[in-house]
>>> print(open('coords-v5.txt').read())   # compact mmCIF, C-alpha atoms
# COMPACT_ATOMS: atom_id res chain seq x y z
CA MET A 1 125.38 -262.74 139.41
CA LYS A 2 124.84 -260.26 142.21
CA THR A 3 124.86 -257.38 139.73
CA ALA A 4 122.38 -259.13 137.46
CA SER A 5 120.16 -259.90 140.44
CA ARG A 6 120.13 -256.27 141.55
CA LEU A 7 119.32 -255.13 138.01
CA GLY A 8 116.46 -257.58 137.79
CA THR A 9 115.08 -256.42 141.13
CA ALA A 10 115.26 -252.76 140.07
CA LEU A 11 113.45 -253.49 136.81
CA ALA A 12 110.77 -255.38 138.68
CA VAL A 13 110.23 -252.42 141.05
CA VAL A 14 109.90 -250.00 138.13
CA ALA A 15 107.46 -252.32 136.37
CA GLY A 16 105.44 -252.59 139.56
CA LEU A 17 105.21 -248.82 139.92
CA LEU A 18 104.03 -248.41 136.35
CA ALA A 19 101.43 -251.15 136.79
CA ARG A 20 99.86 -249.62 139.89
CA PRO A 21 97.03 -247.07 139.66
CA ALA A 22 98.20 -243.44 139.49
CA ALA A 23 96.78 -242.56 142.91
CA GLU A 24 98.71 -245.36 144.58
CA ALA A 25 101.94 -244.71 142.69
CA ALA A 26 101.87 -241.05 143.71
CA ARG A 27 101.71 -241.87 147.42
CA ALA A 28 104.63 -240.45 149.39
CA GLU A 29 107.29 -242.89 150.55
CA GLY A 30 108.49 -243.10 154.13
CA ILE A 31 112.11 -242.41 155.03
CA ASP A 32 114.28 -245.40 155.87
CA THR A 33 116.21 -244.21 158.94
CA THR A 34 118.72 -247.08 158.62
CA ARG A 35 120.41 -245.54 155.57
CA PRO A 36 121.80 -242.07 154.80
CA TYR A 37 119.20 -239.58 153.61
CA THR A 38 120.25 -236.13 152.41
CA VAL A 39 117.88 -233.23 151.81
CA VAL A 40 119.21 -229.96 150.41
CA VAL A 41 117.34 -226.89 151.67
CA GLY A 42 117.54 -223.17 151.01
CA PRO A 43 116.32 -220.95 148.18
CA PRO A 44 116.90 -222.50 144.74
CA ARG A 45 120.13 -221.30 143.16
CA GLY A 46 120.30 -219.68 139.77
CA HIS A 47 120.05 -216.43 137.88
CA ALA A 48 116.43 -217.35 137.05
CA PRO A 49 115.38 -220.54 138.90
CA SER A 50 111.68 -220.05 138.14
CA GLU A 51 109.19 -218.03 136.16
CA ARG A 52 109.43 -214.35 137.20
CA VAL A 53 112.83 -215.11 138.77
CA ASP A 54 111.89 -215.69 142.42
CA ALA A 55 109.27 -217.32 144.65
CA ARG A 56 107.43 -214.00 145.14
CA ARG A 57 107.24 -213.56 141.31
CA THR A 58 108.66 -210.04 141.50
CA GLY A 59 110.65 -210.08 138.25
CA GLN A 60 113.66 -208.69 140.15
CA SER A 61 116.99 -209.85 138.69
CA ARG A 62 119.79 -210.52 141.16
CA SER A 63 122.26 -210.17 138.29
CA ARG A 64 122.95 -206.92 136.47
CA LEU A 65 121.01 -206.34 133.24
CA PRO A 66 123.01 -205.22 130.20
CA VAL A 67 123.07 -201.42 129.77
CA ALA A 68 123.38 -201.62 125.98
CA PRO A 69 122.31 -205.16 124.96
CA VAL A 70 123.59 -206.64 121.71
CA ASP A 71 123.09 -210.03 120.11
CA LYS A 72 125.75 -212.48 121.43
CA TRP A 73 124.36 -215.72 119.99
CA ARG A 74 121.14 -217.40 118.94
CA ARG A 75 120.11 -221.05 118.69
CA HIS A 76 117.01 -222.89 117.55
CA ALA A 77 115.83 -225.45 120.10
CA GLY A 78 114.20 -227.79 117.57
CA GLY A 79 110.57 -227.08 118.44
CA THR A 80 108.27 -224.28 119.51
CA ILE A 81 108.42 -222.71 122.98
CA GLU A 82 105.36 -221.84 125.06
CA VAL A 83 106.76 -221.35 128.58
CA PRO A 84 109.78 -219.46 129.99
CA PRO A 85 113.16 -221.20 130.36
CA VAL A 86 115.10 -221.29 133.63
CA VAL A 87 118.77 -220.41 134.15
CA ASP A 88 121.00 -221.97 136.82
CA GLU A 89 123.90 -220.40 138.73
CA THR A 90 126.42 -221.43 136.04
CA GLY A 91 124.45 -219.69 133.29
CA ARG A 92 123.14 -222.92 131.78
CA ILE A 93 119.70 -222.48 130.19
CA TYR A 94 117.01 -225.18 130.37
CA VAL A 95 114.29 -224.98 127.73
CA THR A 96 111.11 -227.05 127.57
CA LEU A 97 109.53 -227.45 124.15
CA SER A 98 105.99 -227.99 122.89
CA VAL A 99 107.24 -231.44 121.82
CA PRO A 100 108.17 -233.84 124.66
CA GLU A 101 111.77 -232.63 124.99
CA VAL A 102 113.96 -230.59 127.31
CA VAL A 103 117.13 -228.97 125.99
CA ALA A 104 120.07 -227.60 128.00
CA PHE A 105 122.26 -224.88 126.48
CA GLY A 106 125.57 -223.78 127.93
CA PRO A 107 126.38 -220.08 128.50
CA ASP A 108 128.17 -220.15 125.13
CA GLY A 109 125.07 -221.39 123.30
CA LYS A 110 126.26 -224.96 122.75
CA GLU A 111 123.71 -227.71 123.29
CA VAL A 112 124.76 -229.70 126.38
CA TRP A 113 122.07 -232.37 126.38
CA ARG A 114 118.56 -233.14 125.17
CA THR A 115 116.14 -235.38 127.08
CA ARG A 116 112.93 -236.98 125.80
CA LEU A 117 109.92 -236.86 128.17
CA GLY A 118 108.07 -239.88 126.82
CA GLY A 119 104.95 -238.97 124.87
CA ALA A 120 103.77 -235.83 126.69
CA PRO A 121 105.34 -232.33 126.61
CA ALA A 122 105.73 -230.00 129.57
CA ILE A 123 102.54 -228.04 130.29
CA ALA A 124 103.87 -225.64 132.95
CA PRO A 125 107.05 -223.58 133.26
CA PRO A 126 110.00 -225.56 134.66
CA VAL A 127 111.51 -224.79 138.04
CA LEU A 128 114.85 -225.44 139.75
CA THR A 129 114.60 -226.91 143.25
CA SER A 130 116.88 -226.48 146.28
CA ASP A 131 119.06 -229.45 145.32
CA GLY A 132 119.35 -228.39 141.67
CA THR A 133 116.72 -230.74 140.24
CA ILE A 134 114.90 -229.45 137.15
CA LEU A 135 111.23 -230.15 137.79
CA LEU A 136 108.74 -230.36 134.92
CA VAL A 137 105.02 -231.06 134.79
CA THR A 138 103.80 -232.85 131.67
CA SER A 139 100.41 -232.66 129.98
CA SER A 140 99.79 -236.31 130.92
CA GLY A 141 99.88 -235.38 134.61
CA THR A 142 103.37 -236.46 135.64
CA ALA A 143 105.95 -234.50 137.62
CA VAL A 144 109.38 -235.31 136.20
CA GLY A 145 112.58 -234.48 138.06
CA LEU A 146 115.74 -234.23 135.95
CA GLY A 147 119.29 -234.06 137.23
CA ARG A 148 121.73 -231.49 135.89
CA ASP A 149 123.00 -234.22 133.55
CA GLY A 150 119.55 -234.62 131.98
CA ARG A 151 118.82 -238.01 133.55
CA VAL A 152 115.41 -238.70 135.07
CA ARG A 153 115.54 -238.75 138.88
CA PHE A 154 111.84 -239.42 139.45
CA ALA A 155 108.50 -239.44 137.62
CA THR A 156 105.44 -239.00 139.85
CA PRO A 157 101.82 -239.30 138.60
CA LEU A 158 99.78 -236.39 139.99
CA GLY A 159 96.19 -237.46 139.33
CA GLN A 160 95.46 -234.37 137.20
CA ARG A 161 95.98 -233.63 133.50
CA GLY A 162 96.36 -230.80 131.00
CA ARG A 163 95.27 -227.30 131.99
CA ASP A 164 94.58 -228.51 135.52
CA LEU A 165 98.38 -228.41 136.03
CA ASP A 166 99.57 -225.43 133.98
CA VAL A 167 100.25 -223.01 136.85
CA ALA A 168 103.95 -222.24 137.40
CA PRO A 169 105.15 -224.55 140.25
CA LEU A 170 106.63 -223.16 143.44
CA ALA A 171 110.00 -224.49 144.65
CA ARG A 172 110.11 -223.90 148.41
CA SER A 173 113.15 -223.34 150.61
CA ASP A 174 112.66 -226.67 152.42
CA GLY A 175 113.35 -228.53 149.17
CA SER A 176 109.72 -229.30 148.39
CA VAL A 177 107.72 -228.23 145.34
CA VAL A 178 104.03 -227.27 145.09
CA ILE A 179 102.27 -227.92 141.78
CA GLY A 180 98.87 -226.51 140.96
CA GLY A 181 95.92 -225.88 138.72
CA ARG A 182 92.59 -227.43 139.65
CA ALA A 183 94.27 -229.02 142.70
CA LEU A 184 97.43 -228.37 144.72
CA VAL A 185 99.99 -231.14 145.12
CA GLU A 186 103.08 -230.86 147.33
CA LEU A 187 106.07 -233.08 146.53
CA ASP A 188 109.00 -233.85 148.80
CA PRO A 189 112.58 -233.43 147.47
CA ASN A 190 112.55 -237.01 146.08
CA GLY A 191 109.28 -236.61 144.19
CA GLY A 192 106.99 -238.32 146.71
CA VAL A 193 103.53 -236.81 147.22
CA ARG A 194 103.48 -235.18 150.65
CA ALA A 195 100.10 -233.44 150.48
CA ARG A 196 97.21 -233.02 148.07
CA ALA A 197 94.14 -230.77 148.14
CA SER A 198 91.43 -229.66 145.70
CA LEU A 199 90.67 -226.08 144.79
CA PRO A 200 87.07 -224.94 144.16
CA GLU A 201 88.24 -223.12 141.00
CA ARG A 202 91.22 -223.30 138.67
CA ALA A 203 94.35 -221.38 139.62
CA VAL A 204 96.16 -219.17 137.10
CA GLY A 205 99.59 -217.60 136.76
CA ALA A 206 102.10 -218.83 139.29
CA LEU A 207 102.03 -220.16 142.84
CA ILE A 208 103.62 -217.73 145.31
CA GLU A 209 105.49 -218.30 148.56
CA GLY A 210 103.61 -216.22 151.12
CA PRO A 211 104.15 -215.58 154.83
CA GLU A 212 101.47 -218.11 155.83
CA GLY A 213 101.87 -220.72 153.09
CA THR A 214 101.54 -221.17 149.35
CA ILE A 215 99.35 -218.54 147.67
CA ALA A 216 97.22 -219.39 144.64
CA THR A 217 95.13 -216.93 142.63
CA SER A 218 92.16 -218.08 140.55
CA GLU A 219 90.64 -217.11 137.21
CA SER A 220 87.85 -215.19 138.93
CA GLY A 221 90.30 -213.31 141.17
CA GLY A 222 90.02 -215.47 144.30
CA VAL A 223 93.01 -215.67 146.64
CA TYR A 224 93.77 -218.96 148.44
CA VAL A 225 96.41 -219.94 151.00
CA PHE A 226 97.55 -223.57 151.26
CA ARG A 227 99.41 -224.80 154.33
CA PRO A 228 99.25 -228.60 154.79
CA PRO A 229 97.76 -230.46 156.50
CA ASN A 230 95.00 -227.81 156.29
CA PRO A 231 92.98 -227.50 153.07
CA PRO A 232 93.31 -224.35 150.93
CA LYS A 233 91.59 -221.38 152.56
CA LYS A 234 90.03 -218.56 150.58
CA ILE A 235 91.06 -215.27 152.17
CA GLY A 236 89.45 -212.88 149.71
CA THR A 237 89.17 -211.80 146.11
CA PHE A 238 90.60 -209.21 143.74
CA GLY A 239 87.04 -208.53 142.59
CA GLY A 240 87.59 -209.37 138.94
CA PRO A 241 89.24 -211.82 136.52
CA LEU A 242 92.99 -212.46 136.44
CA ARG A 243 94.86 -213.90 133.47
CA ARG A 244 98.43 -214.39 134.65
CA GLY A 245 98.32 -214.28 138.44
CA ALA A 246 99.94 -211.91 140.91
CA ALA A 247 103.21 -210.79 142.51
CA LEU A 248 103.98 -210.31 146.20
CA GLU A 249 105.18 -206.87 147.26
CA GLY A 250 106.87 -206.95 150.67
CA GLY A 251 105.30 -209.38 153.12
CA ARG A 252 101.60 -208.66 152.82
CA THR A 253 100.48 -207.08 149.53
CA LEU A 254 99.59 -209.01 146.39
CA LEU A 255 99.52 -206.99 143.19
CA ALA A 256 97.69 -208.03 140.04
CA VAL A 257 96.12 -206.64 136.88
CA VAL A 258 92.36 -207.13 137.07
CA GLY A 259 90.35 -207.33 133.87
CA GLY A 260 93.28 -205.90 131.94
CA LYS A 261 92.30 -202.37 133.00
CA SER A 262 93.19 -201.93 136.68
CA LEU A 263 96.28 -202.43 138.85
CA VAL A 264 94.93 -203.68 142.17
CA GLY A 265 96.56 -204.38 145.53
CA PHE A 266 95.27 -207.08 147.90
CA ASP A 267 96.16 -207.04 151.61
CA LEU A 268 96.86 -210.60 152.81
CA ARG A 269 96.08 -209.75 156.42
CA THR A 270 92.76 -207.95 155.99
CA GLY A 271 91.55 -209.18 152.59
CA LEU A 272 90.94 -205.57 151.52
CA THR A 273 91.69 -204.38 148.00
CA HIS A 274 92.63 -200.98 146.61
CA VAL A 275 93.04 -199.75 143.04
CA ARG A 276 96.50 -198.28 142.46
CA ALA A 277 95.98 -197.39 138.81
CA GLY A 278 92.88 -197.44 136.65
CA ASP A 279 92.38 -197.31 132.91
CA VAL A 280 94.86 -194.85 131.38
CA GLY A 281 93.27 -195.06 127.94
CA LEU A 282 96.30 -196.63 126.28
CA GLY A 283 95.24 -200.23 125.92
CA LEU A 284 95.31 -203.19 128.27
CA TYR A 285 97.93 -203.60 130.96
CA ASP A 286 100.42 -206.38 130.29
CA GLU A 287 100.65 -209.04 132.99
CA PRO A 288 101.96 -209.94 135.47
CA VAL A 289 103.16 -207.03 137.61
CA THR A 290 106.87 -206.37 138.23
CA ILE A 291 108.07 -205.00 141.59
CA HIS A 292 110.73 -202.29 141.43
CA PRO A 293 113.51 -202.54 144.09
CA ARG A 294 112.40 -199.15 145.39
CA GLY A 295 109.04 -200.62 146.32
CA PHE A 296 106.60 -199.61 143.62
CA ALA A 297 104.73 -201.65 141.02
CA MET A 298 105.53 -201.54 137.31
CA VAL A 299 103.28 -202.46 134.40
CA SER A 300 103.41 -201.77 130.69
CA THR A 301 100.45 -201.20 128.41
CA SER A 302 99.70 -203.03 125.18
CA THR A 303 100.65 -199.85 123.31
CA GLY A 304 104.11 -199.66 124.92
CA LEU A 305 103.89 -197.24 127.84
CA LEU A 306 105.74 -198.22 131.05
CA LEU A 307 104.18 -197.01 134.30
CA GLY A 308 105.45 -197.22 137.89
CA VAL A 309 102.92 -196.64 140.67
CA ASP A 310 103.49 -196.64 144.44
CA ALA A 311 101.15 -197.80 147.22
CA ALA A 312 99.49 -194.37 147.44
CA GLY A 313 98.72 -194.39 143.72
CA ASN A 314 101.40 -191.82 142.88
CA GLU A 315 103.11 -192.20 139.54
CA ARG A 316 106.81 -192.88 140.14
CA LEU A 317 107.87 -193.80 136.63
CA ARG A 318 106.73 -193.23 133.06
CA MET A 319 108.63 -194.32 129.96
CA VAL A 320 107.81 -194.95 126.31
CA LEU A 321 108.97 -198.42 125.27
CA ASP A 322 107.28 -198.65 121.90
CA LYS A 323 106.55 -196.13 119.20
CA SER A 324 102.83 -196.87 119.36
CA ALA A 325 102.70 -195.35 122.87
CA GLN A 326 103.53 -191.90 121.51
CA PRO A 327 100.52 -189.54 121.77
CA VAL A 328 98.66 -189.13 118.50
CA ALA A 329 96.55 -186.02 118.19
CA PRO A 330 92.95 -186.69 117.16
CA ASP A 331 91.98 -185.53 113.69
CA PRO A 332 89.53 -182.64 114.19
CA ALA A 333 88.15 -183.16 110.68
CA ALA A 334 87.24 -186.79 111.34
CA PRO A 335 83.62 -187.69 112.21
CA ALA A 336 82.97 -187.99 115.95
CA GLY A 337 83.50 -191.46 117.36
CA THR A 338 85.71 -192.71 114.56
CA ALA A 339 89.17 -194.18 115.14
CA ALA A 340 90.85 -191.10 113.63
CA ALA A 341 88.97 -188.81 115.99
CA THR A 342 89.76 -190.78 119.15
CA ALA A 343 92.88 -192.78 118.24
CA PHE A 344 94.90 -191.72 121.26
CA PHE A 345 92.21 -192.66 123.75
CA ASN A 346 91.06 -195.87 122.07
CA PRO A 347 94.02 -197.98 120.92
CA PRO A 348 93.38 -201.24 119.04
CA ALA A 349 91.40 -203.70 121.16
CA ASP A 350 93.20 -206.71 119.66
CA ALA A 351 96.68 -205.57 120.76
CA ARG A 352 98.74 -208.57 121.87
CA THR A 353 100.14 -208.74 125.39
CA SER A 354 103.90 -208.59 125.86
CA PRO A 355 106.13 -210.62 128.18
CA ALA A 356 106.44 -209.25 131.71
CA LEU A 357 109.22 -206.80 132.54
CA LEU A 358 112.47 -207.51 134.40
CA VAL A 359 114.26 -205.07 136.69
CA ASP A 360 117.68 -205.16 138.39
CA ALA A 361 118.93 -203.62 141.64
CA GLU A 362 120.03 -200.43 139.86
CA GLY A 363 116.60 -199.88 138.31
CA ARG A 364 117.36 -200.97 134.75
CA VAL A 365 114.22 -202.39 133.13
CA ALA A 366 114.40 -205.06 130.41
CA PHE A 367 111.45 -205.36 128.05
CA ALA A 368 110.35 -207.47 125.10
CA ARG A 369 107.37 -206.12 123.25
CA ALA A 370 104.83 -208.24 121.38
CA SER A 371 106.03 -206.45 118.25
CA GLY A 372 109.49 -208.02 118.73
CA ARG A 373 111.11 -204.82 120.01
CA VAL A 374 113.60 -205.72 122.76
CA GLY A 375 115.78 -203.49 124.89
CA VAL A 376 116.73 -202.12 128.30
CA ALA A 377 115.41 -198.85 129.78
CA ARG A 378 117.82 -197.02 132.06
CA PRO A 379 116.75 -195.19 135.23
CA ASP A 380 117.34 -191.84 133.49
CA GLY A 381 114.68 -192.71 130.89
CA ASN A 382 117.00 -193.53 128.01
CA VAL A 383 116.18 -196.73 126.13
CA ALA A 384 118.91 -198.92 124.58
CA LEU A 385 117.46 -201.19 121.89
CA ALA A 386 118.84 -204.62 121.11
CA SER A 387 116.52 -205.01 118.13
CA GLU A 388 113.41 -203.48 116.59
CA LYS A 389 112.26 -206.98 115.58
CA LEU A 390 114.10 -209.70 117.49
CA CYS A 391 111.40 -212.27 116.74
CA ALA A 392 107.73 -212.36 115.78
CA ALA A 393 106.44 -213.60 119.13
CA PRO A 394 108.67 -213.30 122.24
CA VAL A 395 107.50 -215.60 125.04
CA ALA A 396 109.66 -214.54 127.97
CA MET A 397 112.91 -212.95 129.15
CA GLN A 398 115.17 -214.24 131.92
CA PRO A 399 118.38 -212.87 133.45
CA ALA A 400 121.34 -215.12 132.62
CA GLY A 401 124.20 -213.59 134.63
CA ASP A 402 125.74 -210.15 134.90
CA ASP A 403 125.15 -208.17 131.70
CA LYS A 404 123.34 -211.14 130.14
CA LEU A 405 119.71 -211.51 129.15
CA VAL A 406 118.08 -214.49 127.43
CA VAL A 407 114.94 -214.13 125.31
CA ALA A 408 112.80 -217.12 124.30
CA CYS A 409 110.67 -216.88 121.15
CA ARG A 410 107.63 -218.96 120.28
CA ASP A 411 109.25 -220.17 117.05
CA GLY A 412 111.85 -222.02 119.15
CA THR A 413 114.69 -219.49 118.93
CA ILE A 414 116.77 -218.68 122.02
CA TRP A 415 118.61 -215.35 121.91
CA MET A 416 121.43 -214.39 124.25
CA LEU A 417 121.86 -210.64 124.65
CA GLY A 418 124.82 -209.09 126.39
CA MET A 419 127.51 -206.43 126.27
>>> encode(input="coords-v5.txt", output="structure tokens")
Amino acid sequence: MKTASRLGTALAVVAGLLARPAAEAARAEGIDTTRPYTVVVGPPRGHAPSERVDARRTGQSRSRLPVAPVDKWRRHAGGTIEVPPVVDETGRIYVTLSVPEVVAFGPDGKEVWRTRLGGAPAIAPPVLTSDGTILLVTSSGTAVGLGRDGRVRFATPLGQRGRDLDVAPLARSDGSVVIGGRALVELDPNGGVRARASLPERAVGALIEGPEGTIATSESGGVYVFRPPNPPKKIGTFGGPLRRGAALEGGRTLLAVVGGKSLVGFDLRTGLTHVRAGDVGLGLYDEPVTIHPRGFAMVSTSTGLLLGVDAAGNERLRMVLDKSAQPVAPDPAAPAGTAAATAFFNPPADARTSPALLVDAEGRVAFARASGRVGVARPDGNVALASEKLCAAPVAMQPAGDDKLVVACRDGTIWMLGM
């Protein structure tokens, strides 16, 4: 009878939470000091616990990238993929689909579990928190925390919906998570709302852990810092539109591609900006920026040229990743202003952007081109291809352990590359 009574009480509590208005249900709960309460802190564990690997969004892999990647296995997740997967410290891969499902694959490619998220799919990239929770944000405006076994730990209404929540969440070292879009919401390790604040414009890309709080970048290029209980503070602007946010170089410089044509640095202390690289005449820069371990920024162009530029604007790296980046001599017989006469300087304007680069401690650079070309560029400039056409539309790459690289494709295919 006692067991039945406890079950009935639990069901009544759940029903009560669902019946309350979203704003009330999202209110943070106090801590009962009469019972044990454990909070796990520290940086989230994993080979790729978040989009762009770490909280500064550098794209730096802590595990070694494969020198000569080959296809180890591939699986179809059962739906299309729009956001990057995450990979924990055991090599398990967590994939959110465009249908309301999350799938976990083991390092060997076997499906471990599949969890339904009700009626709304994830709208933002997933993130692993300090205690190993897989946190997802759904299009209906709910933050869902899953355990490593796929069971729901909490479901918190956020008071926002859809694109107002599609920025990549930030898992902080104190166990909390910050979710953003049109507003910023900070959750405690158990999913309770700890702070909430509105932004004057919609954030894009990914939230970043900065020296003075959570950094958000907006569509227009604005830079905001959020440190509860204070409201978000605008500290400056990049001076132009951003599509996929920024990365933090060192402790004070944000780097972003502005308007697709310029690589710009923003000083967090002074609010000043400087252009590191302008238009090179080879198409738009792919976003976001990747930070090389030697301290310079890396971007690729839509035509397949990889550039590395330091803080002084000096070119530190140049590689050809795709055949379309090879110089094509203009045709002197072609009429002035035509594509044949200026092909090298005016690549196709409709070129698709490619997933951001990854780099390891030894300077190996992993790339997946919009064309489907996937490989790893070595520090000496040699490029080892895994495939000329891995898939029609690669979404993202993530490190998955030493000499392992996982590629997610929009058609729902997960590829494991290794040696």
>>> residues_around(input="coords-v5.txt", residues="Ala356 in chain A", least_positions_apart="4", cutoff="10 Å", atoms="all atoms listed in the file", output="NGL selection string")
:A and (52 or 59 or 244 or 286-290 or 298-300 or 366-369 or 395-397)
>>> residues_around(input="coords-v5.txt", residues="range 379-384 of chain A", least_positions_apart="6", cutoff="6 Å", atoms="all atoms listed in the file", output="list in words")
Ala68, Gly363 and Arg364 of chain A
>>> closest_residue(input="coords-v5.txt", among="A:Arg373, A:His274, A:Arg151, A:Arg194", to="Leu385 in chain A", atoms="only C-alpha atoms")
A:Arg373
>>> closest_residue(input="coords-v5.txt", among="A:Asp88, A:Arg57, A:Ser130, A:Gly106", to="Asp174 in chain A", atoms="only C-alpha atoms")
A:Ser130
>>> decode(input="coords-v5.txt", residues="range 57-78 of chain A", atoms="N, CA and C atoms", output="PDB file, in the first residue's frame")
ATOM      1  N   ARG A  57      34.013  27.577 -28.172  1.00  0.00           N
ATOM      2  CA  ARG A  57      33.634  27.313 -29.571  1.00  0.00           C
ATOM      3  C   ARG A  57      34.846  27.406 -30.496  1.00  0.00           C
ATOM      4  N   THR A  58      35.977  26.856 -30.057  1.00  0.00           N
ATOM      5  CA  THR A  58      37.211  26.967 -30.829  1.00  0.00           C
ATOM      6  C   THR A  58      37.329  25.938 -31.946  1.00  0.00           C
ATOM      7  N   GLY A  59      36.617  24.802 -31.829  1.00  0.00           N
ATOM      8  CA  GLY A  59      36.791  23.730 -32.793  1.00  0.00           C
ATOM      9  C   GLY A  59      38.051  22.919 -32.574  1.00  0.00           C
ATOM     10  N   GLN A  60      38.685  23.082 -31.397  1.00  0.00           N
ATOM     11  CA  GLN A  60      39.914  22.355 -31.086  1.00  0.00           C
ATOM     12  C   GLN A  60      39.589  20.995 -30.473  1.00  0.00           C
ATOM     13  N   SER A  61      40.055  19.931 -31.125  1.00  0.00           N
ATOM     14  CA  SER A  61      39.810  18.572 -30.647  1.00  0.00           C
ATOM     15  C   SER A  61      40.877  18.178 -29.633  1.00  0.00           C
ATOM     16  N   ARG A  62      40.421  17.674 -28.483  1.00  0.00           N
ATOM     17  CA  ARG A  62      41.372  17.175 -27.483  1.00  0.00           C
ATOM     18  C   ARG A  62      41.876  15.782 -27.843  1.00  0.00           C
ATOM     19  N   SER A  63      41.170  15.106 -28.735  1.00  0.00           N
ATOM     20  CA  SER A  63      41.612  13.798 -29.207  1.00  0.00           C
ATOM     21  C   SER A  63      42.254  13.938 -30.589  1.00  0.00           C
ATOM     22  N   ARG A  64      43.123  13.016 -30.909  1.00  0.00           N
ATOM     23  CA  ARG A  64      43.889  13.079 -32.147  1.00  0.00           C
ATOM     24  C   ARG A  64      42.994  12.780 -33.351  1.00  0.00           C
ATOM     25  N   LEU A  65      43.086  13.602 -34.386  1.00  0.00           N
ATOM     26  CA  LEU A  65      42.333  13.358 -35.611  1.00  0.00           C
ATOM     27  C   LEU A  65      43.054  12.317 -36.463  1.00  0.00           C
ATOM     28  N   PRO A  66      42.308  11.516 -37.212  1.00  0.00           N
ATOM     29  CA  PRO A  66      42.953  10.464 -38.020  1.00  0.00           C
ATOM     30  C   PRO A  66      43.806  11.059 -39.140  1.00  0.00           C
ATOM     31  N   VAL A  67      45.038  10.548 -39.294  1.00  0.00           N
ATOM     32  CA  VAL A  67      45.946  11.052 -40.325  1.00  0.00           C
ATOM     33  C   VAL A  67      45.437  10.689 -41.718  1.00  0.00           C
ATOM     34  N   ALA A  68      44.995   9.447 -41.864  1.00  0.00           N
ATOM     35  CA  ALA A  68      44.479   8.972 -43.151  1.00  0.00           C
ATOM     36  C   ALA A  68      43.109   8.343 -42.909  1.00  0.00           C
ATOM     37  N   PRO A  69      42.042   9.145 -42.832  1.00  0.00           N
ATOM     38  CA  PRO A  69      40.723   8.622 -42.450  1.00  0.00           C
ATOM     39  C   PRO A  69      40.118   7.700 -43.493  1.00  0.00           C
ATOM     40  N   VAL A  70      39.543   6.609 -43.020  1.00  0.00           N
ATOM     41  CA  VAL A  70      38.809   5.682 -43.884  1.00  0.00           C
ATOM     42  C   VAL A  70      37.458   5.404 -43.231  1.00  0.00           C
ATOM     43  N   ASP A  71      36.546   4.915 -44.020  1.00  0.00           N
ATOM     44  CA  ASP A  71      35.195   4.605 -43.547  1.00  0.00           C
ATOM     45  C   ASP A  71      35.241   3.364 -42.644  1.00  0.00           C
ATOM     46  N   LYS A  72      34.837   3.530 -41.361  1.00  0.00           N
ATOM     47  CA  LYS A  72      34.794   2.404 -40.416  1.00  0.00           C
ATOM     48  C   LYS A  72      33.387   1.812 -40.328  1.00  0.00           C
ATOM     49  N   TRP A  73      32.382   2.659 -40.252  1.00  0.00           N
ATOM     50  CA  TRP A  73      30.996   2.207 -40.299  1.00  0.00           C
ATOM     51  C   TRP A  73      30.085   3.387 -40.609  1.00  0.00           C
ATOM     52  N   ARG A  74      28.872   3.060 -41.012  1.00  0.00           N
ATOM     53  CA  ARG A  74      27.861   4.091 -41.231  1.00  0.00           C
ATOM     54  C   ARG A  74      26.502   3.544 -40.816  1.00  0.00           C
ATOM     55  N   ARG A  75      25.660   4.418 -40.296  1.00  0.00           N
ATOM     56  CA  ARG A  75      24.321   4.050 -39.850  1.00  0.00           C
ATOM     57  C   ARG A  75      23.342   5.150 -40.255  1.00  0.00           C
ATOM     58  N   HIS A  76      22.107   4.763 -40.493  1.00  0.00           N
ATOM     59  CA  HIS A  76      21.067   5.758 -40.736  1.00  0.00           C
ATOM     60  C   HIS A  76      20.240   5.901 -39.463  1.00  0.00           C
ATOM     61  N   ALA A  77      20.064   7.139 -39.014  1.00  0.00           N
ATOM     62  CA  ALA A  77      19.427   7.396 -37.724  1.00  0.00           C
ATOM     63  C   ALA A  77      17.909   7.307 -37.766  1.00  0.00           C
ATOM     64  N   GLY A  78      17.307   7.204 -38.947  1.00  0.00           N
ATOM     65  CA  GLY A  78      15.854   7.085 -39.016  1.00  0.00           C
ATOM     66  C   GLY A  78      15.126   8.398 -39.175  1.00  0.00           C
TER      67      GLY A  78
END
